[in-house]
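Raw contents of protein-v7.txt, compact mmCIF, C-alpha atoms and all ligand atoms:
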```txt
# COMPACT_ATOMS: atom_id res chain seq x y z
CA THR A 1 3.36 24.27 -6.69
CA SER A 2 5.89 24.82 -3.93
CA ALA A 3 6.86 28.13 -5.47
CA SER A 4 3.36 29.56 -5.58
CA ASN A 5 1.94 28.62 -2.19
CA GLY A 6 5.02 27.91 -0.13
CA VAL A 7 3.86 24.40 0.69
CA SER A 8 6.10 21.51 -0.22
CA GLU A 9 4.53 19.36 -2.91
CA PRO A 10 5.36 15.75 -2.11
CA TYR A 11 5.64 14.63 -5.73
CA GLN A 12 7.80 17.56 -6.81
CA LEU A 13 10.23 17.13 -3.95
CA VAL A 14 11.07 13.57 -4.89
CA GLU A 15 10.35 13.65 -8.62
CA ASN A 16 13.99 13.24 -9.63
CA ASP A 17 14.62 10.56 -7.04
CA LEU A 18 11.53 8.67 -8.17
CA ALA A 19 12.75 8.65 -11.76
CA LEU A 20 16.03 7.16 -10.50
CA ILE A 21 14.10 4.56 -8.50
CA TYR A 22 12.21 3.37 -11.57
CA SER A 23 15.26 3.27 -13.81
CA ASP A 24 17.06 1.32 -11.08
CA ILE A 25 14.18 -1.17 -10.85
CA LYS A 26 14.24 -1.60 -14.60
CA SER A 27 17.94 -2.38 -14.66
CA GLU A 28 17.80 -4.65 -11.59
CA LEU A 29 15.17 -6.76 -13.32
CA ASN A 30 17.46 -7.41 -16.26
CA CYS A 31 18.63 -10.97 -16.78
CA ASP A 32 19.62 -13.34 -19.56
CA LEU A 33 16.04 -14.48 -20.25
CA PRO A 34 14.39 -11.78 -22.41
CA GLU A 35 10.85 -13.10 -21.81
CA LEU A 36 11.29 -12.87 -18.06
CA VAL A 37 12.61 -9.33 -18.33
CA GLU A 38 9.63 -8.29 -20.46
CA LEU A 39 7.11 -9.78 -18.04
CA ALA A 40 8.87 -8.48 -14.94
CA GLN A 41 9.04 -4.94 -16.34
CA TYR A 42 5.43 -4.97 -17.56
CA TYR A 43 3.73 -3.49 -14.45
CA PHE A 44 6.51 -0.92 -14.15
CA SER A 45 6.00 0.37 -17.71
CA THR A 46 3.25 2.73 -16.51
CA HIS A 47 3.97 3.38 -12.90
CA GLY A 48 1.09 3.77 -10.50
CA LYS A 49 0.85 6.50 -7.89
CA ALA A 50 4.37 5.66 -6.67
CA PHE A 51 2.95 6.27 -3.23
CA ARG A 52 5.09 3.69 -1.43
CA PRO A 53 8.50 4.68 -2.79
CA MET A 54 7.53 8.32 -2.30
CA ILE A 55 6.91 7.96 1.43
CA ALA A 56 10.09 5.91 1.84
CA LEU A 57 12.10 8.63 0.06
CA LEU A 58 10.51 11.47 2.01
CA MET A 59 10.94 9.69 5.34
CA ALA A 60 14.57 8.96 4.43
CA ALA A 61 15.13 12.67 3.88
CA VAL A 62 13.30 13.57 7.11
CA CYS A 63 15.64 11.25 9.03
CA GLY A 64 18.65 12.56 7.14
CA LYS A 65 17.87 16.19 7.91
CA HIS A 66 17.10 15.36 11.51
CA ARG A 67 20.58 13.89 11.77
CA GLY A 68 22.16 16.95 10.15
CA GLY A 69 22.89 15.17 6.87
CA LEU A 70 23.98 11.65 6.01
CA PRO A 71 26.89 10.29 3.97
CA GLN A 72 26.11 9.52 0.33
CA ASN A 73 26.50 5.75 0.81
CA VAL A 74 23.77 5.81 3.46
CA VAL A 75 21.48 7.88 1.23
CA GLN A 76 22.05 5.30 -1.53
CA LYS A 77 21.04 2.50 0.82
CA GLN A 78 17.90 4.36 1.85
CA ARG A 79 17.04 4.73 -1.84
CA LYS A 80 17.38 0.99 -2.23
CA VAL A 81 14.67 0.57 0.38
CA ALA A 82 12.31 2.51 -1.89
CA VAL A 83 13.32 0.24 -4.77
CA ILE A 84 12.77 -2.89 -2.70
CA VAL A 85 9.37 -1.92 -1.31
CA GLU A 86 8.09 -0.99 -4.76
CA MET A 87 9.29 -4.35 -6.08
CA ILE A 88 7.66 -6.29 -3.25
CA HIS A 89 4.47 -4.31 -3.74
CA THR A 90 4.38 -4.92 -7.48
CA ALA A 91 5.12 -8.65 -7.10
CA SER A 92 2.22 -8.90 -4.68
CA LEU A 93 -0.07 -7.07 -7.14
CA ILE A 94 0.75 -9.54 -9.92
CA HIS A 95 -0.23 -12.39 -7.60
CA ASP A 96 -3.21 -10.45 -6.28
CA ASP A 97 -4.59 -9.94 -9.78
CA VAL A 98 -4.49 -13.71 -10.30
CA ILE A 99 -6.28 -14.31 -6.99
CA ASP A 100 -8.86 -11.57 -7.67
CA GLU A 101 -9.16 -12.46 -11.36
CA ALA A 102 -8.73 -8.77 -12.12
CA ALA A 103 -8.75 -7.79 -15.79
CA THR A 104 -6.83 -4.51 -15.53
CA ARG A 105 -4.05 -2.89 -13.50
CA ARG A 106 -2.45 0.50 -13.92
CA ASN A 107 -4.65 1.17 -16.94
CA GLN A 108 -3.57 -1.86 -18.94
CA PRO A 109 -4.58 -5.52 -19.11
CA SER A 110 -3.39 -7.39 -16.04
CA LEU A 111 -0.30 -9.52 -16.54
CA HIS A 112 -2.10 -12.84 -16.24
CA LYS A 113 -4.64 -11.75 -18.87
CA VAL A 114 -1.82 -11.25 -21.35
CA TRP A 115 0.50 -14.14 -20.49
CA GLY A 116 -1.57 -16.52 -18.36
CA GLU A 117 -1.65 -17.34 -14.68
CA LYS A 118 1.35 -19.67 -14.59
CA LYS A 119 3.71 -17.06 -15.98
CA ALA A 120 2.14 -14.38 -13.80
CA ILE A 121 2.91 -16.36 -10.63
CA LEU A 122 6.46 -17.00 -11.78
CA THR A 123 6.96 -13.34 -12.66
CA GLY A 124 5.88 -12.30 -9.16
CA ASP A 125 8.32 -14.83 -7.72
CA TYR A 126 11.12 -13.52 -9.90
CA ILE A 127 10.57 -9.89 -8.86
CA LEU A 128 10.56 -11.03 -5.24
CA SER A 129 13.86 -12.85 -5.76
CA VAL A 130 15.47 -9.72 -7.19
CA ALA A 131 14.14 -7.71 -4.24
CA SER A 132 15.67 -10.28 -1.86
CA ARG A 133 19.03 -10.02 -3.55
CA GLU A 134 19.03 -6.23 -3.32
CA LEU A 135 17.95 -6.47 0.31
CA ALA A 136 20.88 -8.74 1.13
CA ARG A 137 23.20 -6.26 -0.57
CA LEU A 138 22.31 -3.67 2.06
CA ARG A 139 24.24 -5.83 4.53
CA ASN A 140 22.12 -4.80 7.46
CA PRO A 141 20.47 -7.75 9.28
CA GLU A 142 18.01 -5.52 11.13
CA VAL A 143 16.81 -4.03 7.84
CA ILE A 144 16.64 -7.48 6.22
CA ILE A 145 14.40 -8.73 9.04
CA CYS A 146 12.26 -5.61 8.87
CA LEU A 147 11.64 -5.76 5.11
CA SER A 148 11.19 -9.56 5.12
CA GLN A 149 8.40 -9.01 7.63
CA ILE A 150 6.51 -7.17 4.87
CA ILE A 151 6.40 -10.29 2.71
CA GLU A 152 5.20 -12.41 5.61
CA ASP A 153 2.53 -9.82 6.46
CA LEU A 154 1.33 -9.57 2.85
CA VAL A 155 0.82 -13.31 2.71
CA LYS A 156 -0.97 -13.32 6.08
CA GLY A 157 -3.18 -10.38 5.08
CA GLU A 158 -4.15 -12.04 1.82
CA LEU A 159 -4.88 -15.31 3.61
CA MET A 160 -6.96 -13.52 6.22
CA GLN A 161 -8.91 -11.93 3.40
CA LEU A 162 -9.62 -15.31 1.84
CA GLY A 163 -11.18 -15.93 5.24
CA SER A 164 -11.71 -19.62 5.83
CA LYS A 165 -13.47 -18.78 9.07
CA ASP A 166 -15.60 -15.64 9.25
CA PRO A 167 -15.52 -13.72 12.52
CA ALA A 168 -18.65 -13.09 14.56
CA ALA A 169 -20.31 -9.71 14.06
CA THR A 170 -18.62 -8.35 17.20
CA GLY A 171 -15.09 -9.13 16.00
CA ARG A 172 -15.55 -8.13 12.41
CA LEU A 173 -14.11 -4.62 12.52
CA ALA A 174 -11.08 -5.73 14.56
CA THR A 175 -10.41 -8.57 12.11
CA TYR A 176 -10.81 -6.19 9.18
CA LEU A 177 -8.35 -3.70 10.72
CA SER A 178 -5.82 -6.44 11.41
CA LYS A 179 -6.14 -7.67 7.83
CA THR A 180 -5.72 -4.08 6.64
CA TYR A 181 -2.53 -3.71 8.66
CA HIS A 182 -1.09 -6.89 7.17
CA LYS A 183 -2.01 -6.33 3.57
CA THR A 184 -1.29 -2.59 3.31
CA ALA A 185 0.05 -0.78 6.37
CA SER A 186 2.91 -3.16 7.17
CA LEU A 187 4.69 -2.33 3.92
CA MET A 188 4.58 1.40 4.59
CA ALA A 189 5.41 0.95 8.29
CA ASN A 190 8.39 -1.30 7.73
CA GLY A 191 9.61 0.72 4.74
CA CYS A 192 9.67 3.85 6.93
CA LYS A 193 11.30 1.90 9.74
CA ALA A 194 14.04 0.60 7.44
CA VAL A 195 15.08 4.06 6.22
CA ALA A 196 15.16 5.29 9.83
CA ILE A 197 17.39 2.38 10.88
CA LEU A 198 19.74 3.03 7.95
CA GLY A 199 19.72 6.72 8.82
CA GLY A 200 21.05 5.94 12.29
CA CYS A 201 18.00 7.23 14.14
CA THR A 202 17.46 6.49 17.83
CA PRO A 203 15.15 3.57 18.70
CA GLU A 204 12.44 6.09 19.61
CA LEU A 205 12.60 7.75 16.21
CA VAL A 206 12.76 4.39 14.45
CA GLU A 207 9.52 3.50 16.22
CA ARG A 208 7.92 6.83 15.33
CA SER A 209 8.92 6.36 11.71
CA PHE A 210 7.29 2.91 11.81
CA LEU A 211 4.14 4.35 13.38
CA PHE A 212 3.96 7.11 10.80
CA GLY A 213 3.98 4.55 7.98
CA LYS A 214 1.57 2.27 9.80
CA ASN A 215 -1.04 4.93 10.47
CA LEU A 216 -0.70 6.43 7.01
CA GLY A 217 -1.09 2.95 5.53
CA MET A 218 -4.26 2.32 7.51
CA ALA A 219 -5.70 5.65 6.32
CA PHE A 220 -4.64 4.86 2.75
CA GLN A 221 -6.41 1.48 2.68
CA LEU A 222 -9.58 2.79 4.34
CA VAL A 223 -9.80 5.43 1.62
CA ASP A 224 -9.08 2.72 -0.97
CA ASP A 225 -12.00 0.72 0.36
CA ASN A 226 -14.21 3.81 0.09
CA LEU A 227 -13.03 4.36 -3.49
CA ASP A 228 -14.13 0.83 -4.34
CA PHE A 229 -17.63 2.06 -3.53
CA ILE A 230 -17.59 5.50 -5.05
CA SER A 231 -15.03 5.64 -7.86
CA SER A 232 -15.08 4.41 -11.43
CA ALA A 233 -12.77 1.83 -13.01
CA GLU A 234 -11.75 4.48 -15.53
CA GLU A 235 -10.51 6.79 -12.79
CA MET A 236 -8.76 4.04 -10.85
CA GLY A 237 -7.13 2.19 -13.74
CA LYS A 238 -8.35 -1.06 -12.17
CA PRO A 239 -11.80 -2.58 -11.60
CA THR A 240 -14.02 -1.06 -8.88
CA SER A 241 -17.12 -2.21 -7.03
CA VAL A 242 -15.38 -5.55 -6.77
CA ASP A 243 -14.91 -6.04 -3.04
CA MET A 244 -18.44 -7.25 -2.38
CA GLU A 245 -18.49 -9.19 -5.63
CA LEU A 246 -15.42 -10.96 -4.23
CA GLY A 247 -17.36 -11.62 -1.01
CA LEU A 248 -15.43 -9.03 1.01
CA ALA A 249 -16.97 -6.83 3.66
CA THR A 250 -14.81 -3.70 4.03
CA ALA A 251 -15.18 -0.78 6.44
CA PRO A 252 -18.10 1.01 4.71
CA VAL A 253 -20.29 -2.12 4.94
CA LEU A 254 -19.11 -2.98 8.44
CA PHE A 255 -20.03 0.50 9.67
CA ALA A 256 -23.40 0.38 7.94
CA ALA A 257 -24.05 -3.01 9.56
CA GLU A 258 -23.70 -1.43 13.01
CA LYS A 259 -26.86 0.51 12.17
CA ALA A 260 -28.62 -1.91 9.86
CA SER A 261 -28.40 -5.38 11.37
CA ASP A 262 -30.10 -6.92 8.32
CA LEU A 263 -26.68 -6.55 6.66
CA ASP A 264 -25.25 -9.21 9.00
CA ALA A 265 -26.83 -12.03 7.03
CA LEU A 266 -25.54 -10.64 3.71
CA ILE A 267 -22.02 -10.27 5.11
CA ALA A 268 -22.16 -13.82 6.51
CA ARG A 269 -23.14 -15.28 3.15
CA ARG A 270 -20.52 -13.11 1.45
CA PHE A 271 -23.07 -11.26 -0.67
CA ARG A 272 -23.82 -14.40 -2.64
CA GLY A 273 -27.62 -14.11 -2.46
CA PRO A 274 -29.47 -12.60 -5.43
CA GLY A 275 -29.40 -8.80 -5.26
CA ASP A 276 -27.13 -8.81 -2.17
CA VAL A 277 -24.45 -6.53 -3.60
CA LEU A 278 -26.92 -3.86 -4.70
CA LYS A 279 -28.86 -4.06 -1.46
CA ALA A 280 -25.69 -3.71 0.62
CA LYS A 281 -24.53 -0.80 -1.51
CA GLN A 282 -27.81 1.07 -0.93
CA SER A 283 -27.64 0.37 2.78
CA VAL A 284 -24.07 1.71 2.95
CA MET A 285 -25.16 4.95 1.25
CA GLU A 286 -28.23 5.25 3.47
CA HIS A 287 -26.33 4.71 6.73
CA GLY A 288 -23.28 6.84 6.01
CA GLY A 289 -20.79 3.95 5.83
CA VAL A 290 -18.53 5.90 3.48
CA GLU A 291 -18.51 8.99 5.72
CA GLN A 292 -17.75 6.94 8.82
CA THR A 293 -14.91 5.20 7.02
CA LYS A 294 -13.52 8.56 6.01
CA MET A 295 -13.64 9.73 9.63
CA LEU A 296 -11.71 6.69 10.77
CA ALA A 297 -9.20 7.28 7.97
CA ALA A 298 -8.84 10.89 9.14
CA SER A 299 -8.05 9.82 12.69
CA TYR A 300 -5.32 7.44 11.44
CA SER A 301 -3.95 10.21 9.26
CA GLN A 302 -3.82 12.56 12.26
CA GLU A 303 -2.05 9.94 14.32
CA ALA A 304 0.51 9.57 11.51
CA VAL A 305 1.14 13.32 11.45
CA SER A 306 1.56 13.47 15.24
CA GLN A 307 4.56 11.12 14.99
CA LEU A 308 6.39 13.62 12.81
CA SER A 309 6.73 16.33 15.44
CA ALA A 310 9.60 14.37 17.01
CA PHE A 311 11.68 14.97 13.86
CA ALA A 312 13.47 18.20 13.03
CA GLU A 313 11.52 20.54 10.81
CA SER A 314 12.23 20.19 7.11
CA GLU A 315 10.65 20.61 3.71
CA GLU A 316 10.25 16.87 3.51
CA ARG A 317 8.55 16.71 6.90
CA GLU A 318 6.03 19.27 5.67
CA ALA A 319 5.56 17.21 2.52
CA LEU A 320 4.70 14.15 4.60
CA VAL A 321 2.16 16.19 6.59
CA LYS A 322 0.63 17.27 3.32
CA LEU A 323 0.67 13.73 1.98
CA ALA A 324 -1.21 12.51 5.04
CA ASP A 325 -3.88 15.03 4.13
CA MET A 326 -3.87 14.24 0.41
CA VAL A 327 -4.47 10.58 1.18
CA LEU A 328 -7.87 11.48 2.59
CA ASP A 329 -8.97 13.38 -0.49
CA ARG A 330 -7.52 11.25 -3.22
CA THR A 331 -9.87 10.16 -5.97
CA LYS A 332 -7.68 7.45 -7.46
C1 LIG A 401 -4.10 -5.60 -3.29
O1 LIG A 401 -5.29 -5.56 -2.58
C2 LIG A 401 -3.21 -6.68 -2.75
C3 LIG A 401 -2.30 -6.57 -1.76
C4 LIG A 401 -2.07 -5.26 -1.10
C5 LIG A 401 -1.47 -7.72 -1.24
C6 LIG A 401 -1.52 -8.99 -2.04
C7 LIG A 401 -0.64 -10.06 -1.42
C8 LIG A 401 -0.46 -11.29 -1.91
C9 LIG A 401 -1.12 -11.72 -3.18
C10 LIG A 401 0.40 -12.25 -1.17
C11 LIG A 401 1.64 -12.61 -1.96
C12 LIG A 401 2.72 -11.63 -1.68
C13 LIG A 401 3.89 -11.47 -2.38
C14 LIG A 401 4.92 -10.57 -1.83
C15 LIG A 401 4.18 -12.13 -3.68
P1 LIG A 401 -6.70 -5.46 -3.31
O2 LIG A 401 -6.97 -6.67 -4.12
O3 LIG A 401 -7.68 -5.14 -2.25
O4 LIG A 401 -6.52 -4.15 -4.17
P2 LIG A 401 -6.62 -3.90 -5.74
O5 LIG A 401 -7.94 -3.25 -5.93
O6 LIG A 401 -5.49 -2.95 -6.03
O7 LIG A 401 -6.50 -5.18 -6.46
MG MG A 402 -6.98 -8.68 -3.47
MG MG A 403 -7.08 -7.03 -6.13
```
Produce structure tokens that represent the structure in this file.
Amino acid sequence: TSASNGVSEPYQLVENDLALIYSDIKSELNCDLPELVELAQYYFSTHGKAFRPMIALLMAAVCGKHRGGLPQNVVQKQRKVAVIVEMIHTASLIHDDVIDEAATRRNQPSLHKVWGEKKAILTGDYILSVASRELARLRNPEVIICLSQIIEDLVKGELMQLGSKDPAATGRLATYLSKTYHKTASLMANGCKAVAILGGCTPELVERSFLFGKNLGMAFQLVDDNLDFISSAEEMGKPTSVDMELGLATAPVLFAAEKASDLDALIARRFRGPGDVLKAKQSVMEHGGVEQTKMLAASYSQEAVSQLSAFAESEEREALVKLADMVLDRTK
């Protein structure tokens, strides 16, 4: 705890704010159609790691302290950014679970398993519409553009992942990293950017805030892709070992393939051959694909932390440094 070791615990620092964020989301999703409210609130009933709203809240406070404090109306607007990014994220997960045919999410049956795909798609759309309305209410065109970019990037990332045309072996890692930026890092980058804009930061600090979120997001997803290899569904609250089953080659396989070129053929046929998934898994373990992925994640995490030195020292800044470290060691 912060009291015992003097280090700011990210979760503790924003615990109260996070509770407000989730109660705000719940009330924003209210409407005159009870079924829609029930479906829309379903994925929020057990919140996940709350990682995205947490970094938005901490970065908001870092910017606020750097500026010597901000008026309450600005702080409220920054909080709305946390609400909006969590809504966009959750809407995309509802759609993602349809696309991935995932059975569970956040330790419960996925929404489409309970209510069917048609209602799942519509529920995602509804959450996105509420997020758009709240975004407009911020009355800041720059922030509207910045957070709309997240939605565009999520769609692009997901489309890249569907991969109509597979890249040649030489371009695979670059394509994977670009996809990773679009599907994961953009949301954290633009969320951090938005709170810095609202906080009245200079263009340089706005950019550093963006880069913090971007690099942390890259590290986060690389670790996520490792966890797909090494963690259990029970721990994660969602299915694991699915990426290759879905035909996806993530960083651990791509690194292993640099050493074991027999993996190229398996990647190219999207692990559809008999025994491909198991064979690739063994090759990844043998060639240190997980360790190499972790090293790349660590370098992104370091790059994220280096952006923070431009901001005034604060408890929240220390918490973000710690978070960048925790991301590397997380087990779920
Ligand atoms: C989870 O990845 C999915 C995403 C991060 C993005 C999904 C985006 C879309 C479906 C595009 C539509 C966007 C909106 C805003 C409605 P994953 O499947 O690798 O991770 P998982 O293991 O958590 O399922
Ligand atoms: Mg997916
Ligand atoms: Mg998925």
| Nearby residues (only C-alpha atoms) at most 12 Å from range 93-106 of chain A, same-chain spacing under 6 positions excluded, as an NGL selection string | :A and (39-50 or 86-87 or 112-128 or 154-155 or 157-159 or 161-162 or 183-184 or 233-248 or 332)
| task | Point out the residue among A:Tyr11, A:Tyr22, A:Tyr300, A:Phe311 with the least atom-to-atom distance to Val223 in chain A, counting only C-alpha atoms. | result |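 Under the stated criterion, the closest residue is A:Tyr300.
The residue that comes closest to Ile21 in chain A, out of A:Arg67, A:Ile84, A:Asp225, A:Val74 and on the basis of only C-alpha atoms, is A:Ile84.
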Val195 in chain A environment, 8 Å, all atoms listed in the file, sequence neighbours closer than 4 positions dropped, as a PDB file with C-alpha atoms, in the coordinates of the input:
```pdb
ATOM      1  CA  ALA A  56      10.090   5.910   1.840  1.00  0.00           C
ATOM      2  CA  MET A  59      10.940   9.690   5.340  1.00  0.00           C
ATOM      3  CA  ALA A  60      14.570   8.960   4.430  1.00  0.00           C
ATOM      4  CA  CYS A  63      15.640  11.250   9.030  1.00  0.00           C
ATOM      5  CA  GLN A  78      17.900   4.360   1.850  1.00  0.00           C
ATOM      6  CA  VAL A  81      14.670   0.570   0.380  1.00  0.00           C
ATOM      7  CA  GLY A 191       9.610   0.720   4.740  1.00  0.00           C
ATOM      8  CA  GLY A 199      19.720   6.720   8.820  1.00  0.00           C
TER       9      GLY A 199
END
```
Mind working out the centre and edge lengths of an axis-aligned box for range 208-217 of chain A, all listed atoms inside, 4 Å added to each side, rounded to one decimal in Å and written as JSON?
```
{"center_x": 3.9, "center_y": 4.7, "center_z": 10.4, "size_x": 18.0, "size_y": 12.8, "size_z": 17.8}
```
Fewer than 3 positions away in the same chain doesn't count, so skip those; otherwise give me all residues within 10 Å of Phe255 in chain A, counting only C-alpha atoms, as a CSV table (one decimal) with C-alpha atoms, in the coordinates of the input.
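Once written, selection_21.csv looks like this:
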```csv
chain,number,residue,atom,x,y,z
A,173,LEU,CA,-14.1,-4.6,12.5
A,249,ALA,CA,-17.0,-6.8,3.7
A,250,THR,CA,-14.8,-3.7,4.0
A,251,ALA,CA,-15.2,-0.8,6.4
A,252,PRO,CA,-18.1,1.0,4.7
A,258,GLU,CA,-23.7,-1.4,13.0
A,259,LYS,CA,-26.9,0.5,12.2
A,260,ALA,CA,-28.6,-1.9,9.9
A,284,VAL,CA,-24.1,1.7,3.0
A,287,HIS,CA,-26.3,4.7,6.7
A,288,GLY,CA,-23.3,6.8,6.0
A,289,GLY,CA,-20.8,4.0,5.8
A,290,VAL,CA,-18.5,5.9,3.5
A,291,GLU,CA,-18.5,9.0,5.7
A,292,GLN,CA,-17.8,6.9,8.8
A,293,THR,CA,-14.9,5.2,7.0
```
| said: I'd like the contact shell of Leu20 in chain A - 10 Å cut-off, all atoms listed in the file, skipping same-chain residues fewer than 6 positions apart - returned as a list in words. | reply: Val14, Lys26, Arg79 and Val83 of chain A
| query | Expressed in Å to a single decimal, how great is the separation between CA of Pro10 in chain A and CA of Phe220 in chain A? | reply | 15.6 Å
| request: Can you work out the spacing between CA of Arg208 in chain A and CA of Ser186 in chain A in Å, to one decimal? | output: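 Taking CA of Arg208 in chain A as the start and CA of Ser186 in chain A as the end point, the length is 13.8 Å.
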| task | To one decimal in Å, tell me the separation between CA of Val253 in chain A and CA of Tyr181 in chain A. | result | 18.2 Å
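Considering the residues A:Asp228, A:Ala82, A:Pro53, A:Val62 and counting only C-alpha atoms and all ligand atoms, ligand MG 403 (chain A) has its shortest atom-to-atom contact with A:Asp228.
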| said: Measuring between all atoms listed in the file, which one of A:Leu205, A:Gln72, A:Pro34, A:Lys294 shows the shortest distance to Ala312 in chain A? | reply: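 Nearest to Ala312 in chain A: A:Leu205.
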| field | Counting only C-alpha atoms and all ligand atoms, the residue of A:Glu15, A:Glu286, A:Asp153, A:Glu204 that sits nearest ligand LIG 401 (chain A) | value |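 That would be A:Asp153, the residue with the smallest distance to ligand LIG 401 (chain A).
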| Using all atoms listed in the file, which of A:Pro141, A:Gly273, A:Gly213, A:Pro203 sits nearest Ala185 in chain A? | A:Gly213
